[in-house]
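Text of the file input-v9.pdb, holding PDB, C-alpha atoms, pLDDT in the B column:
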```pdb
ATOM      1  CA  MET R 504     -27.508  -8.258  -5.994  1.00 74.00           C
ATOM      2  CA  ARG R 505     -25.775  -7.258  -2.772  1.00 80.00           C
ATOM      3  CA  GLN R 506     -24.024 -10.602  -2.578  1.00 82.00           C
ATOM      4  CA  GLU R 507     -22.754 -10.269  -6.145  1.00 81.00           C
ATOM      5  CA  ALA R 508     -21.550  -6.713  -5.520  1.00 82.00           C
ATOM      6  CA  PHE R 509     -19.942  -7.078  -2.067  1.00 82.00           C
ATOM      7  CA  GLY R 510     -19.420 -10.815  -1.647  1.00 82.00           C
ATOM      8  CA  ILE R 511     -20.236 -12.948   1.382  1.00 83.00           C
ATOM      9  CA  ASN R 512     -19.240 -12.622   5.005  1.00 84.00           C
ATOM     10  CA  VAL R 513     -16.522 -15.249   4.877  1.00 83.00           C
ATOM     11  CA  ILE R 514     -12.782 -14.789   5.365  1.00 79.00           C
ATOM     12  CA  PRO R 515     -11.133 -17.472   3.203  1.00 79.00           C
ATOM     13  CA  PRO R 516      -8.566 -19.320   5.304  1.00 75.00           C
ATOM     14  CA  LYS R 517      -5.068 -19.950   4.098  1.00 76.00           C
ATOM     15  CA  LYS R 518      -4.720 -23.119   2.035  1.00 79.00           C
ATOM     16  CA  PRO R 519      -3.748 -26.051   4.255  1.00 79.00           C
ATOM     17  CA  ALA R 520      -0.252 -27.421   3.832  1.00 82.00           C
ATOM     18  CA  THR R 521       0.015 -30.613   1.831  1.00 86.00           C
ATOM     19  CA  PHE R 522       1.539 -33.783   3.278  1.00 88.00           C
ATOM     20  CA  LEU R 523       4.697 -33.222   1.210  1.00 90.00           C
ATOM     21  CA  GLN R 524       5.061 -29.683   2.556  1.00 89.00           C
ATOM     22  CA  LEU R 525       4.702 -30.996   6.103  1.00 89.00           C
ATOM     23  CA  VAL R 526       7.408 -33.574   5.390  1.00 90.00           C
ATOM     24  CA  LEU R 527       9.763 -30.876   4.105  1.00 90.00           C
ATOM     25  CA  ARG R 528       8.938 -28.735   7.137  1.00 89.00           C
ATOM     26  CA  ALA R 529       9.776 -31.610   9.483  1.00 88.00           C
ATOM     27  CA  LEU R 530      13.096 -32.181   7.705  1.00 88.00           C
ATOM     28  CA  LYS R 531      14.137 -28.633   8.615  1.00 88.00           C
ATOM     29  CA  ASP R 532      14.416 -29.566  12.293  1.00 88.00           C
ATOM     30  CA  THR R 533      17.954 -28.892  13.530  1.00 89.00           C
ATOM     31  CA  THR R 534      18.333 -32.229  15.296  1.00 89.00           C
ATOM     32  CA  LEU R 535      17.210 -34.167  12.236  1.00 89.00           C
ATOM     33  CA  ILE R 536      19.581 -32.198  10.006  1.00 90.00           C
ATOM     34  CA  VAL R 537      22.504 -33.111  12.290  1.00 90.00           C
ATOM     35  CA  LEU R 538      21.448 -36.771  12.215  1.00 88.00           C
ATOM     36  CA  GLN R 539      21.192 -36.759   8.428  1.00 87.00           C
ATOM     37  CA  VAL R 540      24.663 -35.271   8.057  1.00 90.00           C
ATOM     38  CA  ALA R 541      26.077 -37.759  10.558  1.00 88.00           C
ATOM     39  CA  ALA R 542      24.451 -40.669   8.709  1.00 87.00           C
ATOM     40  CA  VAL R 543      25.822 -39.582   5.326  1.00 87.00           C
ATOM     41  CA  VAL R 544      29.319 -39.087   6.767  1.00 87.00           C
ATOM     42  CA  SER R 545      29.144 -42.488   8.460  1.00 84.00           C
ATOM     43  CA  ILE R 546      28.149 -44.230   5.224  1.00 83.00           C
ATOM     44  CA  VAL R 547      30.836 -42.483   3.175  1.00 84.00           C
ATOM     45  CA  LEU R 548      33.558 -43.272   5.722  1.00 83.00           C
ATOM     46  CA  SER R 549      32.419 -46.893   5.907  1.00 78.00           C
ATOM     47  CA  PHE R 550      33.033 -47.361   2.186  1.00 75.00           C
ATOM     48  CA  PHE R 551      36.510 -45.809   2.418  1.00 73.00           C
ATOM     49  CA  HIS R 552      37.261 -47.994   5.420  1.00 69.00           C
ATOM     50  CA  ALA R 553      36.073 -51.108   3.592  1.00 62.00           C
ATOM     51  CA  GLN R 554      38.234 -50.243   0.577  1.00 64.00           C
ATOM     52  CA  GLU R 555      41.302 -49.762   2.763  1.00 62.00           C
ATOM     53  CA  LYS R 556      40.718 -53.115   4.446  1.00 60.00           C
ATOM     54  CA  HIS R 557      40.370 -54.789   1.064  1.00 57.00           C
ATOM     55  CA  GLU R 558      43.703 -53.331  -0.090  1.00 57.00           C
ATOM     56  CA  ASP R 559      45.411 -54.305   3.163  1.00 55.00           C
ATOM     57  CA  SER R 560      44.067 -57.848   3.004  1.00 54.00           C
ATOM     58  CA  GLY R 561      45.893 -58.399  -0.266  1.00 53.00           C
ATOM     59  CA  ASN R 562      49.249 -57.837   1.459  1.00 54.00           C
ATOM     60  CA  LYS R 563      48.548 -59.990   4.539  1.00 52.00           C
ATOM     61  CA  ASP R 564      48.730 -63.676   5.211  1.00 53.00           C
ATOM     62  CA  PRO R 565      45.784 -65.484   3.561  1.00 54.00           C
ATOM     63  CA  ALA R 566      44.778 -67.236   6.818  1.00 50.00           C
ATOM     64  CA  LYS R 567      44.651 -63.998   8.794  1.00 51.00           C
ATOM     65  CA  ALA R 568      42.790 -62.247   5.973  1.00 50.00           C
ATOM     66  CA  ALA R 569      40.149 -65.012   5.970  1.00 51.00           C
ATOM     67  CA  VAL R 570      39.608 -64.650   9.717  1.00 49.00           C
ATOM     68  CA  GLN R 571      39.314 -60.866   9.396  1.00 52.00           C
ATOM     69  CA  ASN R 572      36.810 -61.166   6.527  1.00 52.00           C
ATOM     70  CA  ASP R 573      34.640 -63.507   8.588  1.00 51.00           C
ATOM     71  CA  SER R 574      34.524 -60.988  11.448  1.00 49.00           C
ATOM     72  CA  ASP R 575      33.733 -58.101   9.083  1.00 50.00           C
ATOM     73  CA  GLU R 576      30.800 -59.945   7.500  1.00 54.00           C
ATOM     74  CA  GLN R 577      29.024 -60.095  10.845  1.00 56.00           C
ATOM     75  CA  ALA R 578      28.407 -56.315  10.956  1.00 59.00           C
ATOM     76  CA  PRO R 579      28.723 -54.275   7.732  1.00 70.00           C
ATOM     77  CA  PRO R 580      30.349 -50.894   8.455  1.00 70.00           C
ATOM     78  CA  TRP R 581      27.592 -48.956   6.712  1.00 75.00           C
ATOM     79  CA  ILE R 582      24.793 -50.397   8.842  1.00 82.00           C
ATOM     80  CA  GLU R 583      24.971 -47.602  11.453  1.00 82.00           C
ATOM     81  CA  GLY R 584      24.524 -44.831   8.899  1.00 82.00           C
ATOM     82  CA  VAL R 585      21.605 -46.612   7.238  1.00 86.00           C
ATOM     83  CA  ALA R 586      19.985 -47.203  10.641  1.00 87.00           C
ATOM     84  CA  ILE R 587      20.206 -43.478  11.409  1.00 87.00           C
ATOM     85  CA  LEU R 588      18.627 -42.585   8.051  1.00 88.00           C
ATOM     86  CA  VAL R 589      15.800 -45.065   8.619  1.00 91.00           C
ATOM     87  CA  ALA R 590      15.158 -43.561  12.058  1.00 90.00           C
ATOM     88  CA  VAL R 591      15.075 -40.054  10.564  1.00 89.00           C
ATOM     89  CA  VAL R 592      12.585 -41.146   7.888  1.00 91.00           C
ATOM     90  CA  VAL R 593      10.310 -42.732  10.505  1.00 93.00           C
ATOM     91  CA  VAL R 594      10.392 -39.631  12.712  1.00 92.00           C
ATOM     92  CA  VAL R 595       9.686 -37.309   9.756  1.00 91.00           C
ATOM     93  CA  LEU R 596       6.756 -39.383   8.500  1.00 92.00           C
ATOM     94  CA  VAL R 597       5.213 -39.697  11.958  1.00 93.00           C
ATOM     95  CA  THR R 598       5.599 -35.950  12.613  1.00 91.00           C
ATOM     96  CA  ALA R 599       4.127 -35.005   9.237  1.00 90.00           C
ATOM     97  CA  PHE R 600       1.210 -37.398   9.669  1.00 92.00           C
ATOM     98  CA  ASN R 601       0.406 -36.025  13.135  1.00 91.00           C
ATOM     99  CA  ASP R 602       0.536 -32.422  11.898  1.00 88.00           C
ATOM    100  CA  TYR R 603      -1.649 -33.301   8.912  1.00 88.00           C
ATOM    101  CA  SER R 604      -4.247 -34.976  11.138  1.00 88.00           C
ATOM    102  CA  LYS R 605      -4.283 -32.073  13.609  1.00 84.00           C
ATOM    103  CA  GLU R 606      -4.729 -29.520  10.831  1.00 81.00           C
ATOM    104  CA  ARG R 607      -7.662 -31.423   9.342  1.00 83.00           C
ATOM    105  CA  GLN R 608      -9.325 -31.746  12.749  1.00 79.00           C
ATOM    106  CA  PHE R 609      -8.786 -28.044  13.465  1.00 72.00           C
ATOM    107  CA  ARG R 610     -10.331 -26.950  10.175  1.00 73.00           C
ATOM    108  CA  GLY R 611     -13.296 -29.271  10.679  1.00 72.00           C
ATOM    109  CA  LEU R 612     -13.883 -27.853  14.162  1.00 63.00           C
ATOM    110  CA  GLN R 613     -13.536 -24.296  12.856  1.00 64.00           C
ATOM    111  CA  ASN R 614     -16.186 -24.917  10.181  1.00 67.00           C
ATOM    112  CA  LYS R 615     -18.576 -26.337  12.774  1.00 66.00           C
ATOM    113  CA  ILE R 616     -18.115 -23.328  15.045  1.00 58.00           C
ATOM    114  CA  GLU R 617     -18.676 -20.846  12.206  1.00 63.00           C
ATOM    115  CA  ASN R 618     -21.846 -22.596  11.038  1.00 65.00           C
ATOM    116  CA  ALA R 619     -23.214 -22.852  14.577  1.00 63.00           C
ATOM    117  CA  HIS R 620     -23.143 -19.100  15.271  1.00 80.00           C
ATOM    118  CA  TYR R 621     -26.195 -17.004  14.407  1.00 86.00           C
ATOM    119  CA  PHE R 622     -26.851 -13.277  14.558  1.00 89.00           C
ATOM    120  CA  SER R 623     -30.030 -11.169  14.773  1.00 89.00           C
ATOM    121  CA  VAL R 624     -30.712  -9.445  11.459  1.00 92.00           C
ATOM    122  CA  VAL R 625     -33.700  -7.299  10.456  1.00 90.00           C
ATOM    123  CA  ARG R 626     -35.014  -8.257   7.013  1.00 87.00           C
ATOM    124  CA  ALA R 627     -38.441  -7.404   5.605  1.00 82.00           C
ATOM    125  CA  ARG R 628     -39.290  -5.812   8.964  1.00 83.00           C
ATOM    126  CA  ASN R 629     -38.772  -9.142  10.706  1.00 87.00           C
ATOM    127  CA  VAL R 630     -35.975 -10.102  13.054  1.00 89.00           C
ATOM    128  CA  THR R 631     -34.416 -13.377  11.911  1.00 90.00           C
ATOM    129  CA  GLN R 632     -31.465 -15.421  13.115  1.00 89.00           C
ATOM    130  CA  LEU R 633     -28.965 -15.851  10.286  1.00 88.00           C
ATOM    131  CA  PRO R 634     -25.595 -17.627  10.092  1.00 87.00           C
ATOM    132  CA  LEU R 635     -22.689 -15.218  10.081  1.00 86.00           C
ATOM    133  CA  SER R 636     -21.814 -16.167   6.502  1.00 85.00           C
ATOM    134  CA  GLU R 637     -25.237 -14.993   5.253  1.00 88.00           C
ATOM    135  CA  ILE R 638     -24.936 -11.433   6.580  1.00 90.00           C
ATOM    136  CA  LEU R 639     -24.703  -8.980   3.671  1.00 91.00           C
ATOM    137  CA  VAL R 640     -23.754  -5.338   3.234  1.00 91.00           C
ATOM    138  CA  GLY R 641     -26.827  -3.210   3.893  1.00 89.00           C
ATOM    139  CA  ASP R 642     -28.355  -5.553   6.488  1.00 90.00           C
ATOM    140  CA  ILE R 643     -29.507  -4.079   9.772  1.00 92.00           C
ATOM    141  CA  CYS R 644     -28.194  -6.073  12.721  1.00 92.00           C
ATOM    142  CA  GLN R 645     -29.384  -5.924  16.297  1.00 92.00           C
ATOM    143  CA  ILE R 646     -26.507  -5.823  18.753  1.00 92.00           C
ATOM    144  CA  LYS R 647     -26.539  -6.301  22.502  1.00 91.00           C
ATOM    145  CA  TYR R 648     -24.307  -7.016  25.466  1.00 91.00           C
ATOM    146  CA  GLY R 649     -21.948  -9.947  24.863  1.00 89.00           C
ATOM    147  CA  ASP R 650     -22.162  -9.941  21.075  1.00 89.00           C
ATOM    148  CA  MET R 651     -18.980 -10.156  19.037  1.00 89.00           C
ATOM    149  CA  LEU R 652     -19.623  -8.099  15.926  1.00 90.00           C
ATOM    150  CA  PRO R 653     -19.478 -10.241  12.769  1.00 89.00           C
ATOM    151  CA  ALA R 654     -19.001  -7.314  10.375  1.00 91.00           C
ATOM    152  CA  ASP R 655     -18.173  -3.633  10.166  1.00 92.00           C
ATOM    153  CA  GLY R 656     -21.122  -1.314  10.536  1.00 93.00           C
ATOM    154  CA  LEU R 657     -22.518   2.137  11.173  1.00 93.00           C
ATOM    155  CA  LEU R 658     -24.523   2.660  14.354  1.00 93.00           C
ATOM    156  CA  ILE R 659     -28.008   3.973  13.548  1.00 92.00           C
ATOM    157  CA  GLN R 660     -29.621   3.426  16.940  1.00 89.00           C
ATOM    158  CA  GLY R 661     -27.933   2.928  20.277  1.00 87.00           C
ATOM    159  CA  SER R 662     -28.607   2.941  24.001  1.00 87.00           C
ATOM    160  CA  ASP R 663     -25.588   3.414  26.291  1.00 89.00           C
ATOM    161  CA  LEU R 664     -23.491   1.333  23.929  1.00 92.00           C
ATOM    162  CA  LYS R 665     -19.887   0.583  24.889  1.00 92.00           C
ATOM    163  CA  VAL R 666     -17.562  -1.627  22.881  1.00 93.00           C
ATOM    164  CA  ASP R 667     -14.322  -3.409  23.733  1.00 91.00           C
ATOM    165  CA  GLU R 668     -11.896  -2.637  20.894  1.00 90.00           C
ATOM    166  CA  SER R 669      -8.807  -4.087  22.571  1.00 88.00           C
ATOM    167  CA  SER R 670      -8.518  -6.727  19.835  1.00 82.00           C
ATOM    168  CA  LEU R 671      -7.836  -3.902  17.361  1.00 83.00           C
ATOM    169  CA  THR R 672      -6.149  -1.150  19.356  1.00 83.00           C
ATOM    170  CA  GLY R 673      -4.784  -2.988  22.393  1.00 82.00           C
ATOM    171  CA  GLU R 674      -6.474  -0.481  24.722  1.00 82.00           C
ATOM    172  CA  SER R 675      -8.481  -2.032  27.551  1.00 83.00           C
ATOM    173  CA  ASP R 676     -10.831   0.959  28.027  1.00 87.00           C
ATOM    174  CA  HIS R 677     -14.312   0.491  26.640  1.00 90.00           C
ATOM    175  CA  VAL R 678     -15.207   2.886  23.822  1.00 91.00           C
ATOM    176  CA  LYS R 679     -18.554   4.650  24.026  1.00 92.00           C
ATOM    177  CA  LYS R 680     -20.474   4.607  20.756  1.00 93.00           C
ATOM    178  CA  SER R 681     -23.274   6.904  19.643  1.00 89.00           C
ATOM    179  CA  GLU R 682     -24.928   7.937  16.386  1.00 88.00           C
ATOM    180  CA  THR R 683     -23.293  11.373  16.423  1.00 87.00           C
ATOM    181  CA  THR R 684     -19.864  11.141  18.082  1.00 86.00           C
ATOM    182  CA  ASP R 685     -18.410   7.725  17.185  1.00 88.00           C
ATOM    183  CA  PRO R 686     -20.818   5.601  15.116  1.00 92.00           C
ATOM    184  CA  LEU R 687     -18.277   3.269  13.520  1.00 92.00           C
ATOM    185  CA  LEU R 688     -18.326  -0.357  14.642  1.00 93.00           C
ATOM    186  CA  TYR R 689     -15.733  -2.963  13.670  1.00 92.00           C
ATOM    187  CA  SER R 690     -15.858  -6.711  13.268  1.00 89.00           C
ATOM    188  CA  GLY R 691     -14.072  -8.699  15.941  1.00 86.00           C
ATOM    189  CA  THR R 692     -14.948  -6.220  18.699  1.00 90.00           C
ATOM    190  CA  THR R 693     -17.276  -7.105  21.584  1.00 91.00           C
ATOM    191  CA  VAL R 694     -20.275  -5.215  22.933  1.00 92.00           C
ATOM    192  CA  MET R 695     -19.723  -4.722  26.666  1.00 93.00           C
ATOM    193  CA  GLU R 696     -22.700  -2.479  27.578  1.00 91.00           C
ATOM    194  CA  GLY R 697     -25.981  -1.372  26.078  1.00 91.00           C
ATOM    195  CA  SER R 698     -27.659  -2.325  22.833  1.00 91.00           C
ATOM    196  CA  GLY R 699     -28.473  -0.907  19.444  1.00 92.00           C
ATOM    197  CA  ARG R 700     -28.761  -1.425  15.725  1.00 93.00           C
ATOM    198  CA  MET R 701     -26.174  -1.063  13.019  1.00 93.00           C
ATOM    199  CA  VAL R 702     -26.219  -1.123   9.248  1.00 94.00           C
ATOM    200  CA  VAL R 703     -23.538  -3.412   7.831  1.00 93.00           C
ATOM    201  CA  THR R 704     -20.904  -1.622   5.746  1.00 92.00           C
ATOM    202  CA  GLY R 705     -18.088  -4.179   5.449  1.00 90.00           C
ATOM    203  CA  ILE R 706     -17.990  -7.969   5.465  1.00 91.00           C
ATOM    204  CA  GLY R 707     -15.499 -10.761   4.850  1.00 87.00           C
ATOM    205  CA  VAL R 708     -12.062  -9.690   3.722  1.00 86.00           C
ATOM    206  CA  ASN R 709     -13.261  -6.090   3.466  1.00 88.00           C
ATOM    207  CA  SER R 710     -14.093  -5.920   7.169  1.00 88.00           C
ATOM    208  CA  GLN R 711     -11.639  -4.827   9.828  1.00 86.00           C
ATOM    209  CA  ALA R 712     -11.017  -8.416  10.968  1.00 84.00           C
ATOM    210  CA  GLY R 713     -10.514  -9.497   7.357  1.00 85.00           C
ATOM    211  CA  ILE R 714      -8.047  -6.684   6.738  1.00 86.00           C
ATOM    212  CA  ILE R 715      -5.994  -7.596   9.796  1.00 83.00           C
ATOM    213  CA  MET R 716      -5.908 -11.277   8.862  1.00 80.00           C
ATOM    214  CA  THR R 717      -4.875 -10.336   5.322  1.00 81.00           C
ATOM    215  CA  LEU R 718      -2.028  -8.163   6.582  1.00 81.00           C
ATOM    216  CA  LEU R 719      -0.893 -10.983   8.868  1.00 76.00           C
ATOM    217  CA  GLY R 720      -0.922 -13.423   5.948  1.00 70.00           C
ATOM    218  CA  ALA R 721      -3.568 -15.640   7.583  1.00 64.00           C
ATOM    219  CA  THR R 722      -5.880 -15.626   4.556  1.00 68.00           C
ATOM    220  CA  ASP R 723      -5.538 -17.013   1.075  1.00 64.00           C
ATOM    221  CA  LYS R 724      -4.738 -13.670  -0.537  1.00 58.00           C
ATOM    222  CA  GLY R 725      -1.516 -12.523  -2.148  1.00 43.00           C
ATOM    223  CA  LYS R 726       0.226  -9.176  -2.373  1.00 43.00           C
ATOM    224  CA  GLU R 727      -2.803  -7.558  -3.999  1.00 43.00           C
ATOM    225  CA  GLY R 728      -4.900  -8.420  -0.963  1.00 43.00           C
ATOM    226  CA  LYS R 729      -2.319  -6.934   1.377  1.00 44.00           C
ATOM    227  CA  GLU R 730      -2.154  -3.690  -0.576  1.00 47.00           C
ATOM    228  CA  ALA R 731      -5.947  -3.481  -0.652  1.00 45.00           C
ATOM    229  CA  GLY R 732      -6.016  -4.090   3.083  1.00 43.00           C
ATOM    230  CA  LYS R 733      -3.568  -1.276   3.781  1.00 47.00           C
ATOM    231  CA  SER R 734      -5.559   1.194   1.669  1.00 51.00           C
ATOM    232  CA  LYS R 735      -8.759   0.106   3.415  1.00 47.00           C
ATOM    233  CA  VAL R 736      -7.200   0.746   6.840  1.00 45.00           C
ATOM    234  CA  ASN R 737      -6.111   4.244   5.807  1.00 54.00           C
ATOM    235  CA  GLN R 738      -9.579   4.968   4.427  1.00 53.00           C
ATOM    236  CA  LYS R 739     -11.274   3.874   7.657  1.00 47.00           C
ATOM    237  CA  LYS R 740      -8.914   6.063   9.703  1.00 51.00           C
ATOM    238  CA  LYS R 741      -9.852   9.110   7.603  1.00 55.00           C
ATOM    239  CA  VAL R 742     -13.562   8.409   7.987  1.00 47.00           C
ATOM    240  CA  LYS R 743     -13.194   7.994  11.751  1.00 51.00           C
ATOM    241  CA  ASN R 744     -11.263  11.260  12.077  1.00 56.00           C
ATOM    242  CA  GLN R 745     -13.895  13.102  10.054  1.00 53.00           C
ATOM    243  CA  SER R 746     -16.750  11.714  12.160  1.00 51.00           C
ATOM    244  CA  CYS R 747     -15.001  12.680  15.399  1.00 52.00           C
ATOM    245  CA  SER R 748     -14.245  16.248  14.247  1.00 52.00           C
TER     246      SER R 748
END
```
The structure given in the file should be rewritten as structure tokens.
Amino acid sequence: MRQEAFGINVIPPKKPATFLQLVLRALKDTTLIVLQVAAVVSIVLSFFHAQEKHEDSGNKDPAKAAVQNDSDEQAPPWIEGVAILVAVVVVVLVTAFNDYSKERQFRGLQNKIENAHYFSVVRARNVTQLPLSEILVGDICQIKYGDMLPADGLLIQGSDLKVDESSLTGESDHVKKSETTDPLLYSGTTVMEGSGRMVVTGIGVNSQAGIIMTLLGATDKGKEGKEAGKSKVNQKKKVKNQSCS
């Protein structure tokens, strides 16, 4: 029921670029654009030059024209432009293939890292180690020194708990958390001192980390996701101000 109502604790990554998109991206390189223009100009000028030579050969002595034609057949004037285009194609394909391979390797490594991380969750009065993706809204998580919080939560029990929220606010000072003064905990922050328990209130794209990634365009969500993220940020700020007052 909770999974159907609130979803799972997964932030959907942005769709990987296709090979064709990587090719088009590589073609936008300034150096390659200059080479493409130079190749096209070289080919066009070679045809005009060949036409002019053909017209001039009709007015010259036949013996001299034959000698000139033999020398021209050794190296066609358009060969330089075609060679440049071939070089550009090779560079673009190699660049796109390398980027495509790196992106696939990165996503495979990211999936392995996400599946390898476990967190202590209290379910049915037992403490179990669950993958981060299986944490649901309403779960009670045990937090301790060194833990990076996988979801947003409300502190229900704490002992000298201090959290590093520099990833969200940019401030290096550790924030002291307690059940009465500042009980809100955010995903992506790190526990620096103490321990405690929190009840999960936001996961996935609805967590603080998910909202930030949505606003930065790093997730596979459109304009609706960005607007929802902004409203969620404003709502969390109001709740935090009310709890501090």
| query | Excluding same-chain residues fewer than 6 positions from Thr534 (chain R), what lies within 12 Å of it counting all atoms listed in the file, as an MDAnalysis selection string? | reply | chainID R and resid 540:541 591 594:595
| message | Residue by residue, what does the PyMOL selection byres ((chain R and resi 535) around 12) grab here? Present the result as a ChimeraX atom specification. | response | /R:526-534,536-542,587-595,598
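Distances from R:Gly707, R:Leu523, R:Lys517, R:Thr684 to Ala599 (chain R) were compared using all atoms listed in the file, and the smallest one belongs to R:Leu523.
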| Applied to the shown file, which residues does the PyMOL selection byres ((chain R and resi 695) around 9) return, written as a PyMOL selection string? | chain R and resi 647-650+664-667+677+693-694+696-697
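Distance check against Ile659 (chain R) using all atoms listed in the file: of R:Leu633, R:Ala712, R:Met701, R:Ile643, the minimum falls on R:Met701.
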| task | Would you please work out which residue, of R:Leu658, R:Ala520, R:Ile706, R:Ile714, is nearest to Glu637 (chain R) when using all atoms listed in the file? | result | R:Ile706
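Taking CA of Gly720 (chain R) and CA of Asp642 (chain R) as endpoints, the distance between them is 28.5 Å.
For the atom pair formed by CA of Leu688 (chain R) and CA of Leu639 (chain R), the distance is 15.3 Å, given to one decimal.
Of note, CA of Arg700 (chain R) and CA of Gly661 (chain R) are spaced 6.4 Å apart.
Those residues that approach Phe622 (chain R) to within 7 Å, counting all atoms listed in the file, are Gln632, Leu633, Pro634 and Leu635 of chain R; same-chain residues fewer than 3 positions away are not listed.
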Written file, previous selection with C-alpha atoms, as a short mmCIF file (atom, residue, chain, number, x, y, z; two decimals), keeping the file's coordinate frame:
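Writing done, so here's result29.cif:
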```
data_model
loop_
_atom_site.label_atom_id
_atom_site.label_comp_id
_atom_site.auth_asym_id
_atom_site.auth_seq_id
_atom_site.Cartn_x
_atom_site.Cartn_y
_atom_site.Cartn_z
CA GLN R 632 -31.46 -15.42 13.12
CA LEU R 633 -28.96 -15.85 10.29
CA PRO R 634 -25.60 -17.63 10.09
CA LEU R 635 -22.69 -15.22 10.08
#
```
Provide an axis-aligned box for all listed atoms of region 517-536 of chain R, padding each side by 4 Å; report its centre and its edge lengths in Å to one decimal, as JSON.
```
{"center_x": 7.3, "center_y": -27.1, "center_z": 8.3, "size_x": 32.6, "size_y": 22.2, "size_z": 22.1}
```
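The smallest atom-to-atom distance between Gly641 (chain R) and any of R:Val703, R:Ile715, R:Leu525, R:Leu596, using all atoms listed in the file, is found for R:Val703.
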| task | Could you tell me which residues the PyMOL selection byres ((chain R and resi 708) around 9) grabs in this file, written as a count of residues only? | result | 19
| said: Please determine, counting all atoms listed in the file, which residue among R:Ser690, R:Ser698, R:Phe522, R:Ala508 has the shortest atom-to-atom distance to Val597 (chain R). | reply: R:Phe522
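For the set R:Leu687, R:Val625, R:Val585, R:Ala654, the residue with the smallest atom-to-atom gap to Ile511 (chain R) is R:Ala654, counting only C-alpha atoms.
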